[in-house]
Amino acid sequence: MNSLNLTVRDKIKNKTGVSARYNKFVEYIMPKILFLISTISIFVTLGIVYTLFESTITFFSFVSIKEFLTGTRWTPLFEPQQFGILPLLLGSVLVAVIAIAIAGPIGLGAAVYLSQYAPDRVKKTLKPILEVLAGVPTIVYGFFALNFITPVLQSLMPGLGLFNALSAGIAVGIMIIPMIASLSEDAMAAVPKHIREGAYALGSTRFEAAYKVIIPGALSGIIASFVLAISRAIGETMIVTIAAGAMPNFTFNPLEPVQTMTAYIVQVSLGDTPYRSIAYYTIYAVGMTLFIITFVMNIFANWLTKKFREEY
Amino acid sequence: MGLQRKSFDAGLTALNERLLNMGTAVEEALDKALQAFVDHNNDLAKEVIDQDGAINDTEDTIDELVIQLIAHQQPVAKDLRRIVTALKMNANLERMGDLACNIAKTSIRMKLEPELEVIQQIQEIAAIVKTMIHDIIQAYINEDVDAAKAIALKDDTVDRLYKEFLNNLFAHIRQNPDEVETLTQLAFLGRHFERLGDYVTNIAEYVVYMVDAKRSDLN
Amino acid sequence: MGLQRKSFDAGLTALNERLLNMGTAVEEALDKALQAFVDHNNDLAKEVIDQDGAINDTEDTIDELVIQLIAHQQPVAKDLRRIVTALKMNANLERMGDLACNIAKTSIRMKLEPELEVIQQIQEIAAIVKTMIHDIIQAYINEDVDAAKAIALKDDTVDRLYKEFLNNLFAHIRQNPDEVETLTQLAFLGRHFERLGDYVTNIAEYVVYMVDAKRSDLN
Amino acid sequence: GGTATPAAPSPEKPQAEAPKAEAPKLSGNVLIDGSSTVYPIQEAIAEEYRSVQPNVRVTVGVSGTGGGFKKFTAGETDMSNASRHIKGEEKEAAEKNGIEYVELPLAYDGLSVVVSKQNDFVKDLSVNELQKIWTGEATKWNQVRKEFPDAEIKLFGPGTDSGTFDYFVEAIIGKDKKITPNFVASEDDNIIVRGVSADKFGIAYFGYAYYEENHDKLNLVAISPKDGEAAILPTEKTINDGTYAPLSRPIFVYVNKKSFKENPQIQDFAYFMNEKAGELALQVGYINMPAQMYEDNKKLLDSLK
Amino acid sequence: MEFATNKLDIQKAEVFQVNKLNLYYGKDQALKNIDLSINENEITAIIGPSGCGKSTFIKTLNRMVELVESVHTEGEVYYRGKNILDKKYDLVELRTDVGMVFQKPNPFPKSIFENVVYGPRIHGINDKKLLMEVAENSLRGAALWDEVKDRLNENAYGLSGGQQQRLCIARCLAIQPDVILMDEPTSALDPISTLKIEELAQELKEKYTIIIVTHNMQQAARISDKTAFFLNGEVIEYDSTTTIFSNPSDKRTEDYISGRFG
Amino acid sequence: MEFATNKLDIQKAEVFQVNKLNLYYGKDQALKNIDLSINENEITAIIGPSGCGKSTFIKTLNRMVELVESVHTEGEVYYRGKNILDKKYDLVELRTDVGMVFQKPNPFPKSIFENVVYGPRIHGINDKKLLMEVAENSLRGAALWDEVKDRLNENAYGLSGGQQQRLCIARCLAIQPDVILMDEPTSALDPISTLKIEELAQELKEKYTIIIVTHNMQQAARISDKTAFFLNGEVIEYDSTTTIFSNPSDKRTEDYISGRFG
Amino acid sequence: MKSLIVRRTYYDRMWQGLFLLSTSVGVIALILLVSEIWSEGSGWLTWDFFNNFASRFPEKSGIKAALWGTLWMIGFTIPIAFIIGVSTAFYLEEYAKKNVITRFIQINITNLAGVPSIVFGILGLTLFVRAMDLGRSILAGSFTMALLVLPIVIVASQEAIRAVPADLRHASYAVGGTKWQTIRRILFPAAFPGILTGIILATSRAIGETAPLIMIGALTFVAFTPTSAMDSFTVMPIQIFNWISRPQADFQHVAAAGIIVLLVMLVSLNSLAIYLRNKLSTKR
Ligand SMILES: Nc1ncnc2c1ncn2[C@@H]1O[C@H](COP(=O)(O)OP(=O)(O)OP(=O)(O)O)[C@@H](O)[C@H]1O
Ligand SMILES: Nc1ncnc2c1ncn2[C@@H]1O[C@H](COP(=O)(O)OP(=O)(O)OP(=O)(O)O)[C@@H](O)[C@H]1O
Ligand SMILES: [Mg+2]
Ligand SMILES: [Mg+2]
Ligand SMILES: O=P([O-])([O-])[O-]
């Protein structure tokens with residue numbers, strides 16, 4: 001034993017120079033390499049901002065910011081060209097509001113069901129199934145909206161057009177249900193088991209435990225899931241491109257066709273718009289608007305999460 | 001600080017209380033035994049002998065209490081010394097009870113009434129021993145090292161008086177060989193009181209140990 | 001099972017070892033004191049008196065060991081009883097050492113040589129007491145309740161012999177009142193042996209308690 | 001859809017039609033980009049060409065006529081599809097970059113104006129009436145013709161930046177008037193089909209091909225160039241001979257001269273394209289041009305060699 | 001004072017009476033043939049090595065064990081004369097009668113006040129004044145009032161571990177339970193907080209019946225009146241604490257309490 | 001036997017010599033003017049109430065405390081004569097000399113074998129036979145060999161908590177450290193496993209110097225030679241364990257060890 | 001009291017019903033969607049469908065180019081995203097000091113996760129297609145997609161790394177492990193299941209995305225399987241989008257068949273992720 005000790009100890013102590021030097025070098029160089037790589041995310045953001053910004057500036061040399069922000073007509077591809085972003089913005093908001101109105105309660109309800117009521121095996125099956133919904137490509141939803149949701153709606157509301165914000169909103173809503181359900185369920189599951197037990201031990205029904213203890217405890221996660229879902233809804237492209245119609249429409253009526261910011265960008269990029277025309281620059285201005293909105297929402301989500309986070 | 005361990009402290013209080021009771025019982029037994037001897041009152045002496053059982057039982061209860069306190073409360077340092085001291089003191093008090101009982105028995109065994117002088121000498125010793133007993137229990141409860149040491153000093157007086165008493169006795173026997181049995185009983189009686197003094201000294205030593213964690217020889 | 005608590009069990013072994021040593025020391029002291037008395041050998045008697053300090057020290061060490069075992073190992077149930085028994089036994093053994101010492105002192109104090117008959121009687125008692133001491137320590141170590149009870153029974157013999165011895169002695173004094181001091185010393189000597197028997201009985205009671213957790217009165 | 005030409009056969013099967021079996025094996029790339037309108041024809045040509053020269057890799061992008069010209073005039077593509085003629089600025093760019101090109105007309109696209117099968121009142125419309133409808137002057141059907149019902153007109157049309165849209169606006173509304181933005185637009189003509197077929201009061205226009213495929217859901221509207229003149233339905237014949245006016249237009253491909261000269265596979269493909277365009281145009285829902293025009297194209301190509 | 005309870009007091013009412021209780025997690029039997037009765041106004045300690053079924057047992061007493069899906073029970077558990085294992089026995093009612101305090105303090109992420117009045121609130125009490133009274137009484141009962149009375153509206157997570165545990169006890173007291181189950185309530189606490197909780201438990205037994213699971217033998221010895229020793233899902237010995245810790249009748253009990261087990 | 005160490009053995013070599021150590025987390029001072037020296041082949045226990053700086057102190061001895069970024073130290077800590085707080089002191093070397101066992105058993109999610117040889121491996125030893133030897137010796141040293149020798153390739157998480165902790169000790173032994181730091185190594189374990197670890201520690205001190213942090217006063221009393229009592233970042237008393245637990249010189253120490261503190 | 005308990009239990013039941021209903025909405029939607037697509041497209045799933053290129057004839061149309069295009073694109077996207085994402089995650093979790101730069105990077109990443117994909121399309125078009133002159137090549141598409149899924153990979157990896165208990169890290173340091181050794185031998189293996197889940201989710205996102213590729217112009221007739229990263233390509237969603245917009249009704253079936261292939265691919269990837277999540281991570 002002793003001789004062995006010596007050899008091991010010796011080997012550890014007088015490590016062969018190569019490996020020691022190698023270790024030192026790795027130890028020195030790795031953080032630097034990793035740091036460089038990690039700054040890529042900054043460059044991506046900068047890249048996005050720069051890309052959008054440069055062309056947006058050009059755009060604003062043609063169009064006043066005031067018109068852009070307050071105009072209620074968006075007709076860059078028609079004569080006369082008008083550049084009021086509000087119809088697009090309203091379109092995006094309308095779709096997002098419908099989506100969240102659908103997905104919020106349903107997603108949260110599903111989350112509560114999964115975390116509070118569902119037997120373990122049911123939960124283990126249902127949750128992945130719901131998550132599949134989130135992975136379905138959005139063009140599929142687009143056509144689902146068009147082929148299924150709209151006809152159903154039309155049979156309920158005769159006179160409803162094929163393209164409307166409602167149907168697109170519902171499809172987007174269905175798409176983001178799993179996002180809310182799954183993330184909220186995660187947040188609820190993260191409420192420690194012993195706190196849950198505490199509620200039951202005081203004679204709470206499952207609903208009371210959910211309503212009074214678990215949801216408040218998971219609030220930061222739930223809010224974050226909502227905000228993420230909203231920004232996903234605002235950023236959603238293909239569903240609205242396909243199902244909402246492509247009509248910049250300054251309206252609050254969900255039964256009318258609308259165009260969202262994202263759908264507009266796709267429309268332009270698929271079309272024959274001459275490069276470097278004002279119409280071409282509009283996609284950057286719209287993209288910038290979209291970016292700023294989602295950026296602000298994310299910051300907001302971050303702030304909310306921090307504010308409501310519970311330290312158990 | 002010091003507010004914790006209510007139940008342990010309650011246990012300690014209970015222990016002290018019982019020790020105090022036991023001490024009182026021993027003092028009483030001693031008083032009675034002495035009285036029985038002085039008055040040659042065999043009934044009183046028998047009473048003392050009968051009551052020794054109660055003292056012995058108290059010893060068992062106290063031992064039990066100590067054992068439970070150790071088992072339940074894991075005392076350390078001074079707490080532990082206090083408890084061990086209680087255990088030792090308990091044994092000593094019980095022996096003192098036995099001695100009181102012996103005194104009573106001796107007094108019964110005595111065929112003749114001893115002389116007044118002898119009785120006075122015994123009473124003198126008994127008086128000192130009784131204060132010693134009383135004081136040492138107080139010293140234990142107050143954790144008073146100085147008092148304990150002072151009490152132990154008194155044992156020297158007891159020893160001196162005991163020697164005088166014995167010499168006196170021997171002189172007597174030489175004069176009255178017929179009374180040898182009674183006189184021998186008286187010698188034993190004296191010895192019992194001397195031993196009582198020793199026990200108090202023992203307790204005094206434990207009190208010192210309890211407080212200072214130092215062994216001392218106060219003999 | 002039973003493989004845990006090595007360090008506690010090591011502590012117990014150490015404790016037993018020391019108790020055994022102490023028992024042996026007490027037996028030896030007793031042997032020597034008796035020899036000194038028989039041979040009227042004051043030097044040997046002095047040796048016994050000198051060695052009592054060592055026995056007292058051992059008592060302190062054992063007490064310390066017990067206290068540390070309690071403080072460090074939190075014994076409960078039988079473990080705790082065993083330790084408390086050790087503590088009590090320790091006190092009793094120490095007292096037995098003191099008695100050996102007293103016997104030696106008594107033998108020195110004796111001015112005259114006692115009669116052979118008396119010496120024989122004393123030796124008879126002493127022989128019984130010595131086996132009792134030896135046996136009780138074994139019984140403790142072997143946790144042998146039956147042996148302990150048997151040993152305690154022998155105390156009755158001791159008591160009987162002691163009574164006979166005393167009567168014998170009183171008869172003597174009546175005949176030789178001048179030898180009263182020597183004879184009183186002899187009475188004390190007898191009493192010391194009788195007390196030794198009592199202590200062994202005490203220990204026997206503790207052994208029973210240790211094993212069965214029951215208080216018994218083997219007197 | 002027709003099944004006339006068994007194009008793109010599975011590789012294992014021997015080619016059913018192998019007239020050019022003795023042609024030299026060519027390889028290389030042919031990069032085509034541009035109009036989405038021309039895309040279906042060009043795609044069909046590329047598909048057919050694969051069975052002739054499987055090692056030549058033809059890609060057809062859809063950047064729109066403008067986007068296609070941007071790349072074409074920068075020399076990035078070999079050919080550019082266009083649903084209109086090249087514009088002044090694009091010409092200038094080409095000149096600046098030293099790109100020379102030729103324009104080949106490939107086929108006609110006849111725009112069809114359609115209404116839903118449920119629509120029992122519109123059979124024909126004049127250009128004037130169409131103008132009223134698409135400038136937003138008339139928002140109800142009875143404002144177009146008295147006898148039409150009092151109901152909102154629902155408009156559907158191709159995306160505002162497609163060549164089809166441009167052409168329709170130019171042909172029906174003209175330069176000085178403005179088309180209403182209040183119509184549902186889609187880049188996907190199928191969606192327009194679905195929209196209009198579901199709406200009794202809807203009206204739409206798109207490439208003839210889409211009507212052909214959906215004639216069970218749609219009613220074709222005959223167009224009279226002037227009020228009172230006979231209304232004409234778009235058919236192969238009426239488009240080809242120009243009687244279906246003004247809603248038929250030629251579509252083009254632009255070929256980079258230098259690429260053509262230097263790359264045998266591009267030459268080969270260009271000839272193949274010219275040869276097959278008419279036949280394939282019909283298959284994908286466009287109308288072929290008179291044979292003479294393909295002859296002219298061929299000559300033009302010959303002159304480039 | 002707990003130093004005189006060598007004999008079982010027979011006059012005390014039985015709160016729980018467990019009859020031939022068998023409990024299975026799926027196919028694994030975790031409790032075997034448990035027979036046990038628990039007296040009013042006593043502290044009953046459950047001790048035993050890890051995995052012997054202590055937690056399972058006390059969680060059976062308020063049927064929290066059913067939160068694990070695969071659980072299956074046999075036998076009867078009478079609470080004040082009614083069999084709580086009866087499927088018809090109302091769980092909400094049972095858990096209102098039989099409160100529970102857990103190993104790790106588990107306050108809700110709410111204010112101190114809201115934590116305490118959670119129970120009364122879900123039981124339909126909303127009168128602010130009444131709630132305030134309940135809160136004060138419960139916090140006093142849990143010996144926490146003085147420490148928190150000036151910050152009732154602060155978040156409970158601002159309290160120390162020991163305070164949180166007492167808060168949980170207060171929360172449990174607020175529904176005025178009859179029995180309080182405690183599953184290793186001090187194992188996450190430092191020695192000082194542990195002592196406080198122990199003393200609290202001893203005060204509480206004046207009014208409540210307490211059943212406490214503990215790994216700490218000394219704790220069981222210190223505070224309980226009765227002790228049950230569990231081993232492999234069985235009750236090996238159940239007796240007064242004094243007997244268990246001074247003279248257990250089963251060798252395995254003695255081995256366990258004197259640390260010679262394993 | 002530990003029952004005879006009333007006086008400090010002066011002949012034992014000093015392993016650590018801490019001089020006026022001050023440690024700050026940001027602006028909060030966690031250790032104040034610590035002076036302490038630790039002897040070879042002894043078990044030194046660090047006790048004190050929660051938050052008094054016990055963990056901080058022992059983590060200073062292998063500079064694990066620096067994993068917290070805001071940490072700032074003053075003073076000197078000599079290990080075998082060299083100041084380890086010197087920025088130039090090689091951390092890898094220090095931690096190879098001064099091993100550590102943590103509160104919660106923390107085996108890697110690898111096989112038992114790979115856990116033990118992790119240290120030797122990262123120090124460049126790859127010879128399979130040698131590693132096998134190291135593994136066996138270390139596992140024997142940690143009194144675990146017999147229990148795991150037939151399943152060295154199974155995942156370490158299959159072991160019980162107590163076995164996992166001994167595995168962690170084996171892992172630490174495999175690099176043949178000089179000193180072993182233990183931060184409450186038994187607080188997550190049941191009493192039986194705790195006893196095993198305690199006995200192991202006592203065996204290990206024959207070869208290693210051990211410093212152990214514990215909340216369990218009895219544990220400190222049972223196994224250590226010296227005990228240091230920390231309070232609010234200061235060393236209140238440092239003496240032989242026997243003295244600390246029988247006759248501490250500071251009132252605060254006595255109050256703490258007898259549970260009267262807080 | 002008693003009646004109150006009855007009422008509370010009743011409420012509980014009622015809510016349970018509502019919650020179950022919510023859950024079924026999602027499931028029913030999925031069933032409808034899948035059955036709709038299956039009934040449209042299942043008959044068209046033939047061997048030829050996988051082996052043919054796009055054609056103007058529905059019955060000859062196949063998904064070969066799109067399938068290979070997708071595989072090629074993913075083949076570049078995932079390694080890029082993996083290397084950048086995991087490196088960034090390890091830098092942030094293990095090396096980065098908690099300073100302004102770190103926080104800035106972190107906020108950036110979270111925000112990138114919320115940036116609409118179409119905006120990434122604009123970036124890809126401007127940066128990779130035009131500025132870097134990669135054209136509409138696989139590489140341009142992969143870069144764009146890699147950037148798009150990067151936040152997913154980074155965040156998932158960070159979570160996975162954070163989920164590795166700190167005491168494993170400490171254990172490694174305590175036997176003299178260096179930071180890099182600890183990362184390589186302990187943290188990476190322990191976090192790998194989580195990282196893998198992130199990667200798989202990123203992959204399914206990249207496979208299903210349409211909009212950014214439309215932006216960079218991948219909607220192309222391609223009748224060959226790519227042979228280099230600079231080749232033009234098309235991907236499945238775009239091919240499907242293309243088919244959907246064909247006038248011939250039969251192309252709707254072809255599109256549905258394409259959707260089935262896409263869904264099967266996604267569902268298998270998701271199942272793999274779930275399997276890994278459940279299997280590998282329950283070890284501890
Ligand atoms: N949810 C469960 N599923 C399956 N078996 C379980 C479950 N909970 C506990 N068990 C098993 O039941 C037995 C008893 O567990 P229980 O938690 O009651 O033990 P315990 O005595 O409380 O232990 P500890 O002191 O470690 O808390 C153990 O063998 C355990 O493995
Ligand atoms: N990472 C940290 N950052 C800031 N302060 C810290 C940190 N770790 C510990 N402290 C503070 O330093 C002091 C000492 O903490 P330390 O963990 O050393 O205590 P401890 O004695 O080990 O306590 P415990 O018994 O609870 O483990 C405490 O006041 C604590 O709040
Ligand atoms: Mg448990
Ligand atoms: Mg600590
Ligand atoms: O034991 P004694 O009573 O004789 O001292």
# chains A, B, ... in the order shown; residues from 1 in each chain; ligands from 1

call {"tool": "residues_near_ligand", "arguments": {"ligand": "ligand 4", "cutoff": "8 Å", "atoms": "only C-alpha atoms and all ligand atoms", "output": "list in words"}}
result
Ser50, Gly51, Gly53, Lys54, Ser55, Thr56, Asp183, Glu184 and Val213 of chain F

call {"tool": "write_last_selection", "arguments": {"atoms": "N, CA and C atoms", "output": "PDB file, in the first residue's frame"}}
result
ATOM      1  N   SER F  50     -25.517  28.447  13.560  1.00  0.00           N
ATOM      2  CA  SER F  50     -25.676  28.661  12.127  1.00  0.00           C
ATOM      3  C   SER F  50     -25.203  30.066  11.736  1.00  0.00           C
ATOM      4  N   GLY F  51     -24.432  30.121  10.666  1.00  0.00           N
ATOM      5  CA  GLY F  51     -24.009  31.418  10.166  1.00  0.00           C
ATOM      6  C   GLY F  51     -22.814  32.012  10.878  1.00  0.00           C
ATOM      7  N   GLY F  53     -19.779  31.146  10.570  1.00  0.00           N
ATOM      8  CA  GLY F  53     -18.584  31.173   9.729  1.00  0.00           C
ATOM      9  C   GLY F  53     -17.825  29.862   9.682  1.00  0.00           C
ATOM     10  N   LYS F  54     -18.421  28.790  10.167  1.00  0.00           N
ATOM     11  CA  LYS F  54     -17.729  27.499  10.174  1.00  0.00           C
ATOM     12  C   LYS F  54     -17.352  27.070   8.760  1.00  0.00           C
ATOM     13  N   SER F  55     -18.368  27.038   7.884  1.00  0.00           N
ATOM     14  CA  SER F  55     -18.108  26.598   6.517  1.00  0.00           C
ATOM     15  C   SER F  55     -17.126  27.541   5.846  1.00  0.00           C
ATOM     16  N   THR F  56     -17.347  28.809   6.046  1.00  0.00           N
ATOM     17  CA  THR F  56     -16.459  29.792   5.456  1.00  0.00           C
ATOM     18  C   THR F  56     -15.022  29.517   5.875  1.00  0.00           C
ATOM     19  N   ASP F 183     -17.305  19.179   5.866  1.00  0.00           N
ATOM     20  CA  ASP F 183     -18.284  20.197   6.235  1.00  0.00           C
ATOM     21  C   ASP F 183     -19.616  19.526   6.544  1.00  0.00           C
ATOM     22  N   GLU F 184     -19.895  19.340   7.792  1.00  0.00           N
ATOM     23  CA  GLU F 184     -21.110  18.656   8.244  1.00  0.00           C
ATOM     24  C   GLU F 184     -21.353  17.375   7.446  1.00  0.00           C
ATOM     25  N   VAL F 213     -16.515  20.194  10.406  1.00  0.00           N
ATOM     26  CA  VAL F 213     -17.510  21.149  10.873  1.00  0.00           C
ATOM     27  C   VAL F 213     -18.734  20.355  11.270  1.00  0.00           C
TER      28      VAL F 213
END

call {"tool": "residues_around", "arguments": {"residues": "stretch 89-105 of chain A", "least_positions_apart": "6", "cutoff": "7 Å", "atoms": "only C-alpha atoms", "output": "ChimeraX atom specification"}}
result
/A:165-166,168-170,172-174,176-177,180,230,233-234,250,252,254,258-261

call {"tool": "interface_residues", "arguments": {"of": "chain E", "to": "chain C", "cutoff": "10 Å", "atoms": "only C-alpha atoms", "output": "PyMOL selection string"}}
result
chain E and resi 217-218+221+242-248+252+254-262

call {"tool": "closest_residue", "arguments": {"among": "F:Ser70, F:Asn137, F:Thr44, F:Thr209", "to": "chain A", "atoms": "only C-alpha atoms"}}
result
F:Asn137

call {"tool": "interface_residues", "arguments": {"of": "chain G", "to": "chain F", "cutoff": "9 Å", "atoms": "only C-alpha atoms", "output": "PyMOL selection string"}}
result
chain G and resi 97-98+165+167-168+170-178+181+185-186+189-190+283-284

call {"tool": "write_last_selection", "arguments": {"atoms": "N, CA, C and O atoms", "output": "compact mmCIF listing (two decimals), in the first residue's frame"}}
result
# COMPACT_ATOMS: atom_id res chain seq x y z
N LYS G 97 -18.05 36.71 -15.13
CA LYS G 97 -18.26 37.42 -13.87
C LYS G 97 -19.60 38.12 -13.98
O LYS G 97 -20.05 38.46 -15.06
N LYS G 98 -20.25 38.30 -12.85
CA LYS G 98 -21.57 38.93 -12.92
C LYS G 98 -21.39 40.44 -13.11
O LYS G 98 -21.54 41.22 -12.19
N PRO G 165 -26.18 20.04 -9.88
CA PRO G 165 -26.03 20.56 -8.52
C PRO G 165 -24.63 21.16 -8.30
O PRO G 165 -23.64 20.62 -8.79
N ASP G 167 -22.89 21.06 -5.90
CA ASP G 167 -21.96 20.25 -5.12
C ASP G 167 -21.12 19.32 -6.00
O ASP G 167 -20.04 18.93 -5.61
N LEU G 168 -21.61 19.02 -7.22
CA LEU G 168 -20.76 18.22 -8.12
C LEU G 168 -19.55 19.04 -8.55
O LEU G 168 -18.42 18.56 -8.60
N HIS G 170 -18.28 21.53 -6.92
CA HIS G 170 -17.39 21.66 -5.77
C HIS G 170 -16.56 20.40 -5.57
O HIS G 170 -15.37 20.48 -5.27
N ALA G 171 -17.22 19.25 -5.76
CA ALA G 171 -16.50 18.00 -5.57
C ALA G 171 -15.32 17.92 -6.52
O ALA G 171 -14.24 17.47 -6.15
N SER G 172 -15.52 18.37 -7.74
CA SER G 172 -14.43 18.31 -8.71
C SER G 172 -13.32 19.27 -8.33
O SER G 172 -12.14 18.91 -8.36
N TYR G 173 -13.69 20.49 -7.98
CA TYR G 173 -12.65 21.44 -7.57
C TYR G 173 -11.89 20.92 -6.36
O TYR G 173 -10.69 21.09 -6.24
N ALA G 174 -12.62 20.26 -5.47
CA ALA G 174 -12.02 19.86 -4.21
C ALA G 174 -11.00 18.75 -4.37
O ALA G 174 -10.21 18.51 -3.47
N VAL G 175 -11.00 18.04 -5.51
CA VAL G 175 -9.91 17.09 -5.70
C VAL G 175 -8.85 17.67 -6.63
O VAL G 175 -8.03 16.95 -7.18
N GLY G 176 -8.90 18.98 -6.81
CA GLY G 176 -7.88 19.63 -7.60
C GLY G 176 -8.20 19.74 -9.07
O GLY G 176 -7.31 19.97 -9.89
N GLY G 177 -9.47 19.59 -9.43
CA GLY G 177 -9.85 19.75 -10.83
C GLY G 177 -9.81 21.20 -11.25
O GLY G 177 -10.15 22.08 -10.46
N THR G 178 -9.37 21.46 -12.47
CA THR G 178 -9.41 22.84 -12.95
C THR G 178 -10.80 23.11 -13.48
O THR G 178 -11.61 22.20 -13.63
N GLN G 181 -11.43 21.21 -16.73
CA GLN G 181 -11.62 19.78 -16.47
C GLN G 181 -13.00 19.52 -15.88
O GLN G 181 -13.67 18.55 -16.24
N ARG G 185 -15.48 17.18 -17.83
CA ARG G 185 -15.71 15.84 -17.31
C ARG G 185 -16.96 15.72 -16.46
O ARG G 185 -17.50 14.63 -16.32
N ILE G 186 -17.37 16.77 -15.85
CA ILE G 186 -18.51 16.68 -14.94
C ILE G 186 -19.73 17.41 -15.50
O ILE G 186 -20.79 16.83 -15.71
N PRO G 189 -21.10 16.26 -19.25
CA PRO G 189 -21.85 15.00 -19.25
C PRO G 189 -23.15 15.10 -18.44
O PRO G 189 -24.18 14.59 -18.86
N ALA G 190 -23.09 15.79 -17.31
CA ALA G 190 -24.28 15.84 -16.47
C ALA G 190 -25.37 16.68 -17.12
O ALA G 190 -26.56 16.40 -16.98
N LYS G 283 -31.81 9.84 -13.71
CA LYS G 283 -30.76 9.01 -13.11
C LYS G 283 -30.46 9.38 -11.67
O LYS G 283 -30.15 8.56 -10.86
N ARG G 284 -30.48 10.68 -11.41
CA ARG G 284 -30.04 11.11 -10.10
C ARG G 284 -31.09 10.95 -9.05
O ARG G 284 -32.22 11.28 -9.24

call {"tool": "select_by_dssp", "arguments": {"residues": "stretch 45-262 of chain E", "states": "strand (DSSP E)", "output": "MDAnalysis selection string"}}
result
chainID E and resid 45:47 71:79 82:83 98:101 179:183 209:213 226:231 234:240

call {"tool": "interface_residues", "arguments": {"of": "chain B", "to": "chain C", "cutoff": "9 Å", "atoms": "only C-alpha atoms", "output": "compact mmCIF listing (two decimals) with C-alpha atoms, in the first residue's frame"}}
result
# COMPACT_ATOMS: atom_id res chain seq x y z
CA ASP B 60 -34.30 5.46 43.95
CA ILE B 67 -30.90 8.74 34.67
CA GLN B 68 -33.85 10.08 32.75
CA ILE B 70 -29.17 12.07 31.23
CA ALA B 71 -31.00 9.86 28.75
CA HIS B 72 -33.35 12.58 27.57
CA GLN B 73 -31.36 15.75 27.78
CA GLN B 74 -27.77 14.85 27.07
CA PRO B 75 -26.34 17.30 29.55
CA VAL B 76 -22.72 18.34 29.15
CA ALA B 77 -20.20 20.39 31.11
CA LEU B 80 -23.63 17.12 33.57
CA ARG B 81 -21.53 17.79 36.64
CA VAL B 84 -23.59 13.66 38.60
CA LEU B 87 -26.36 11.41 42.02
CA LYS B 88 -23.47 11.37 44.44
CA ALA B 91 -26.12 8.33 47.66
CA ASN B 167 -11.60 9.23 75.36
CA PHE B 170 -13.05 4.79 77.38
CA ALA B 171 -12.46 6.32 80.78
CA ILE B 173 -15.80 1.87 80.57
CA ARG B 174 -12.64 1.37 82.46
CA GLN B 175 -14.60 2.49 85.52
CA ASN B 176 -17.82 0.61 84.67
CA PRO B 177 -16.89 -2.56 82.76
CA ASP B 178 -20.39 -3.86 83.19
CA GLU B 179 -21.76 -1.17 81.04
CA VAL B 180 -19.48 -2.16 78.24
CA GLU B 181 -22.25 -2.95 75.80
CA THR B 184 -19.74 0.41 72.99
CA ALA B 187 -18.99 4.66 70.79
CA PHE B 188 -20.78 3.53 67.68
CA ARG B 215 -11.53 17.70 42.50

call {"tool": "residues_around", "arguments": {"residues": "D:Arg84", "least_positions_apart": "2", "cutoff": "8 Å", "atoms": "only C-alpha atoms", "output": "PyMOL selection string"}}
result
chain D and resi 65+82+86+163+250-252
